[in-house]
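J.: Sharing a structure, written as structure tokens. Questions coming.
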Amino acid sequence: MSTVPTLNGQVIGHAHYATRALLERAVAPLGVEFNQVLALNVLANGPVDRADLTHRVTSTLKVDEQEVQRVLATLVDAHLAQVDDEADTARLRLTDAGHAVQARIADAVAGISARLYADIPSDEASAAARALTLVTRRANAELAATPT
């Protein structure tokens, strides 16, 4: 008889790292690393101020600004992103190659999600999403309230 696991950080972490490993495997042939995926996804919606992009990535991945600047530099060096306007170097946008890579990433994510979540009843998936969103909100509030 199997027991139902308790919802805690370990269970959440196992799901995260297993899913992340699948995504990393899927994007490796594209020459893209995990941290670049988030930046590419943000940029897919149009040009973004570098400061806004940096904040979004640091707050989501819990990495420092130096890491985000490294990631952005690698995207520019790989010709996946570029300065939106030479007169305003604070905004980045995807290149045509960047859009193509991001579309392939989106397809990979959709495929992984379809396989992993296929038979989970929608009410259970919704409850899990609500619980995890609340846990994330609480953890972010605690991180913001305590110095590093």
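Residue numbering restarts at 1 in every chain; chains get A, B, ... in the order shown in the structure tokens, and ligands count up from 1 in that same order.
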Fewer than 5 positions away in the same chain doesn't count, so skip those; otherwise give me all residues within 12 Å of Gln66 (chain A), counting only C-alpha atoms, as a compact mmCIF listing (two decimals) with C-alpha atoms, in the first residue's frame.
T.:
```
# COMPACT_ATOMS: atom_id res chain seq x y z
CA THR A 54 16.61 41.77 -14.77
CA HIS A 55 14.06 42.15 -11.98
CA VAL A 57 14.57 36.95 -13.81
CA THR A 58 16.17 37.66 -10.43
CA VAL A 71 22.60 35.47 -19.29
CA LEU A 72 21.55 38.54 -21.27
CA ALA A 73 25.06 38.95 -22.65
```
J.: I want to know what sits within 12 Å of region 1-11 of chain A, based on only C-alpha atoms, with residues of the same chain fewer than 5 positions away left out; could you give that as a PyMOL selection string?
T.: chain A and resi 16-18+128+131-132+135-136+139
J.: Using only C-alpha atoms, which residue out of A:Val42, A:Val37, A:Ala28, A:Ala15 lies closest to Tyr117 (chain A)?
T.: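 Residue with the minimum atom-to-atom distance to Tyr117 (chain A): A:Ala15.
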J.: If DSSP is run on the backbone, what residues of region 21-114 of chain A are alpha helix (DSSP H)? A reply as a short mmCIF file (atom, residue, chain, number, x, y, z; two decimals) with N, CA and C atoms, in the first residue's frame would be ideal.
T.:
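Saved the output as part-v5.cif:
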```
data_model
loop_
_atom_site.label_atom_id
_atom_site.label_comp_id
_atom_site.auth_asym_id
_atom_site.auth_seq_id
_atom_site.Cartn_x
_atom_site.Cartn_y
_atom_site.Cartn_z
N ALA A 21 14.84 19.00 -15.42
CA ALA A 21 15.77 18.13 -16.14
C ALA A 21 15.22 17.77 -17.52
N LEU A 22 13.91 17.52 -17.61
CA LEU A 22 13.30 17.25 -18.92
C LEU A 22 13.44 18.45 -19.85
N LEU A 23 13.17 19.64 -19.31
CA LEU A 23 13.28 20.85 -20.13
C LEU A 23 14.73 21.09 -20.56
N GLU A 24 15.67 20.93 -19.63
CA GLU A 24 17.08 21.13 -19.98
C GLU A 24 17.50 20.17 -21.07
N ARG A 25 17.04 18.93 -21.00
CA ARG A 25 17.36 17.94 -22.02
C ARG A 25 16.76 18.37 -23.37
N ALA A 26 15.54 18.91 -23.32
CA ALA A 26 14.86 19.32 -24.56
C ALA A 26 15.52 20.53 -25.21
N VAL A 27 16.03 21.47 -24.42
CA VAL A 27 16.60 22.69 -25.00
C VAL A 27 18.09 22.61 -25.24
N PHE A 34 19.12 26.69 -19.03
CA PHE A 34 17.86 26.90 -18.31
C PHE A 34 17.60 28.37 -18.00
N ASN A 35 18.59 29.08 -17.48
CA ASN A 35 18.37 30.49 -17.12
C ASN A 35 18.03 31.36 -18.32
N GLN A 36 18.49 30.96 -19.50
CA GLN A 36 18.17 31.72 -20.71
C GLN A 36 16.72 31.53 -21.13
N VAL A 37 16.14 30.39 -20.78
CA VAL A 37 14.77 30.10 -21.19
C VAL A 37 13.81 31.16 -20.67
N LEU A 38 13.94 31.52 -19.40
CA LEU A 38 13.03 32.51 -18.83
C LEU A 38 13.19 33.86 -19.53
N ALA A 39 14.42 34.28 -19.75
CA ALA A 39 14.64 35.56 -20.43
C ALA A 39 14.06 35.55 -21.84
N LEU A 40 14.25 34.46 -22.55
CA LEU A 40 13.69 34.35 -23.90
C LEU A 40 12.17 34.41 -23.86
N ASN A 41 11.57 33.75 -22.89
CA ASN A 41 10.11 33.77 -22.77
C ASN A 41 9.58 35.17 -22.47
N VAL A 42 10.28 35.90 -21.61
CA VAL A 42 9.86 37.27 -21.31
C VAL A 42 9.99 38.14 -22.56
N LEU A 43 11.08 38.00 -23.26
CA LEU A 43 11.32 38.81 -24.46
C LEU A 43 10.38 38.45 -25.61
N ARG A 50 15.79 46.54 -19.87
CA ARG A 50 16.77 45.66 -19.23
C ARG A 50 16.54 45.57 -17.73
N ALA A 51 16.21 46.69 -17.10
CA ALA A 51 15.97 46.68 -15.64
C ALA A 51 14.76 45.83 -15.29
N ASP A 52 13.69 45.93 -16.08
CA ASP A 52 12.50 45.12 -15.83
C ASP A 52 12.79 43.64 -16.05
N LEU A 53 13.52 43.35 -17.10
CA LEU A 53 13.89 41.96 -17.40
C LEU A 53 14.77 41.40 -16.29
N THR A 54 15.73 42.19 -15.84
CA THR A 54 16.61 41.77 -14.77
C THR A 54 15.81 41.48 -13.50
N HIS A 55 14.89 42.37 -13.17
CA HIS A 55 14.06 42.15 -11.98
C HIS A 55 13.22 40.88 -12.12
N ARG A 56 12.62 40.70 -13.27
CA ARG A 56 11.77 39.52 -13.49
C ARG A 56 12.56 38.23 -13.32
N VAL A 57 13.77 38.18 -13.88
CA VAL A 57 14.57 36.95 -13.81
C VAL A 57 15.13 36.75 -12.41
N THR A 58 15.63 37.83 -11.78
CA THR A 58 16.17 37.66 -10.43
C THR A 58 15.08 37.22 -9.46
N SER A 59 13.89 37.80 -9.58
CA SER A 59 12.83 37.46 -8.64
C SER A 59 12.24 36.08 -8.90
N THR A 60 12.28 35.62 -10.12
CA THR A 60 11.74 34.30 -10.43
C THR A 60 12.75 33.20 -10.12
N LEU A 61 13.97 33.36 -10.59
CA LEU A 61 14.99 32.31 -10.43
C LEU A 61 15.79 32.42 -9.13
N GLU A 65 21.82 39.81 -9.82
CA GLU A 65 21.81 40.62 -11.05
C GLU A 65 22.99 40.30 -11.96
N GLN A 66 24.13 39.99 -11.36
CA GLN A 66 25.32 39.66 -12.17
C GLN A 66 25.04 38.43 -13.04
N GLU A 67 24.36 37.44 -12.49
CA GLU A 67 24.01 36.25 -13.27
C GLU A 67 23.05 36.61 -14.41
N VAL A 68 22.09 37.46 -14.15
CA VAL A 68 21.15 37.86 -15.19
C VAL A 68 21.87 38.62 -16.29
N GLN A 69 22.79 39.51 -15.93
CA GLN A 69 23.54 40.25 -16.94
C GLN A 69 24.39 39.30 -17.78
N ARG A 70 24.93 38.25 -17.16
CA ARG A 70 25.68 37.22 -17.90
C ARG A 70 24.76 36.52 -18.89
N VAL A 71 23.57 36.14 -18.43
CA VAL A 71 22.60 35.47 -19.29
C VAL A 71 22.22 36.36 -20.47
N LEU A 72 21.93 37.62 -20.20
CA LEU A 72 21.55 38.54 -21.27
C LEU A 72 22.69 38.72 -22.27
N ALA A 73 23.90 38.81 -21.76
CA ALA A 73 25.06 38.95 -22.65
C ALA A 73 25.21 37.72 -23.54
N THR A 74 24.97 36.53 -22.99
CA THR A 74 25.09 35.32 -23.81
C THR A 74 24.01 35.28 -24.88
N LEU A 75 22.81 35.78 -24.57
CA LEU A 75 21.74 35.82 -25.57
C LEU A 75 22.09 36.80 -26.70
N VAL A 76 22.67 37.94 -26.34
CA VAL A 76 23.09 38.91 -27.35
C VAL A 76 24.24 38.34 -28.18
N ASP A 77 25.22 37.74 -27.50
CA ASP A 77 26.36 37.16 -28.21
C ASP A 77 25.94 36.04 -29.18
N ASP A 96 15.13 37.50 -35.01
CA ASP A 96 14.36 36.45 -35.68
C ASP A 96 14.81 35.07 -35.20
N ALA A 97 16.13 34.91 -35.06
CA ALA A 97 16.64 33.63 -34.54
C ALA A 97 16.16 33.39 -33.11
N GLY A 98 16.10 34.43 -32.31
CA GLY A 98 15.60 34.31 -30.95
C GLY A 98 14.14 33.89 -30.90
N HIS A 99 13.34 34.47 -31.80
CA HIS A 99 11.92 34.07 -31.88
C HIS A 99 11.81 32.59 -32.27
N ALA A 100 12.64 32.15 -33.19
CA ALA A 100 12.59 30.75 -33.63
C ALA A 100 12.97 29.81 -32.48
N VAL A 101 14.02 30.15 -31.74
CA VAL A 101 14.43 29.33 -30.61
C VAL A 101 13.37 29.34 -29.52
N GLN A 102 12.81 30.51 -29.24
CA GLN A 102 11.79 30.60 -28.20
C GLN A 102 10.55 29.80 -28.59
N ALA A 103 10.19 29.79 -29.85
CA ALA A 103 9.05 29.00 -30.31
C ALA A 103 9.31 27.50 -30.11
N ARG A 104 10.52 27.07 -30.36
CA ARG A 104 10.87 25.66 -30.14
C ARG A 104 10.84 25.33 -28.65
N ILE A 105 11.26 26.28 -27.81
CA ILE A 105 11.19 26.08 -26.36
C ILE A 105 9.73 25.95 -25.94
N ALA A 106 8.88 26.84 -26.45
CA ALA A 106 7.45 26.79 -26.11
C ALA A 106 6.84 25.45 -26.53
N ASP A 107 7.22 24.94 -27.69
CA ASP A 107 6.73 23.64 -28.13
C ASP A 107 7.20 22.53 -27.19
N ALA A 108 8.46 22.60 -26.76
CA ALA A 108 9.00 21.60 -25.84
C ALA A 108 8.26 21.64 -24.51
N VAL A 109 8.01 22.85 -24.00
CA VAL A 109 7.29 22.99 -22.73
C VAL A 109 5.87 22.44 -22.87
N ALA A 110 5.22 22.75 -23.98
CA ALA A 110 3.85 22.25 -24.19
C ALA A 110 3.83 20.72 -24.23
N GLY A 111 4.80 20.13 -24.89
CA GLY A 111 4.86 18.68 -24.96
C GLY A 111 5.12 18.04 -23.60
N ILE A 112 6.07 18.61 -22.87
CA ILE A 112 6.37 18.10 -21.52
C ILE A 112 5.14 18.23 -20.63
N SER A 113 4.51 19.38 -20.66
CA SER A 113 3.32 19.60 -19.83
C SER A 113 2.20 18.63 -20.20
N ALA A 114 1.98 18.42 -21.48
CA ALA A 114 0.93 17.51 -21.92
C ALA A 114 1.19 16.09 -21.39
#
```
J.: Please, what distance in Å, to one decimal, runs between CA of Val63 (chain A) and CA of Arg115 (chain A)?
T.: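 That distance, rounded to one decimal, is 29.1 Å.
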J.: CA of Ala90 (chain A) and CA of Val48 (chain A) are how many Å apart?
T.: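 One can read the CA of Ala90 (chain A) to CA of Val48 (chain A) distance as 8.3 Å.
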J.: Please, what distance in Å, to one decimal, runs between CA of Ile12 (chain A) and CA of Asp119 (chain A)?
T.: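 If I compute the distance from CA of Ile12 (chain A) to CA of Asp119 (chain A), I get 18.7 Å.
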J.: Using DSSP on the backbone, list every residue of region 19-130 of chain A that comes out as strand (DSSP E or B), and give them as an NGL selection string.
T.: :A and (48-49 or 81-85 or 88-94)
J.: Fewer than 6 positions away in the same chain doesn't count, so skip those; otherwise give me all residues within 8 Å of region 44-47 of chain A, counting only C-alpha atoms, as a list in words.
T.: Asp84, Arg91, Leu92, Arg93, Leu94, His99 and Gln102 of chain A
J.: Write out, as an mmCIF file, in the first residue's frame, the residues just selected, with C-alpha atoms.
T.:
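Generated file (result-v1.cif):
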```
data_model
loop_
_atom_site.group_PDB
_atom_site.id
_atom_site.type_symbol
_atom_site.label_atom_id
_atom_site.label_comp_id
_atom_site.auth_asym_id
_atom_site.auth_seq_id
_atom_site.Cartn_x
_atom_site.Cartn_y
_atom_site.Cartn_z
ATOM 1 C CA ASP A 84 15.956 47.302 -29.357
ATOM 2 C CA ARG A 91 15.694 47.808 -24.013
ATOM 3 C CA LEU A 92 16.241 44.343 -25.436
ATOM 4 C CA ARG A 93 14.223 42.389 -27.974
ATOM 5 C CA LEU A 94 14.403 39.021 -29.633
ATOM 6 C CA HIS A 99 11.924 34.071 -31.883
ATOM 7 C CA GLN A 102 11.787 30.602 -28.196
#
```
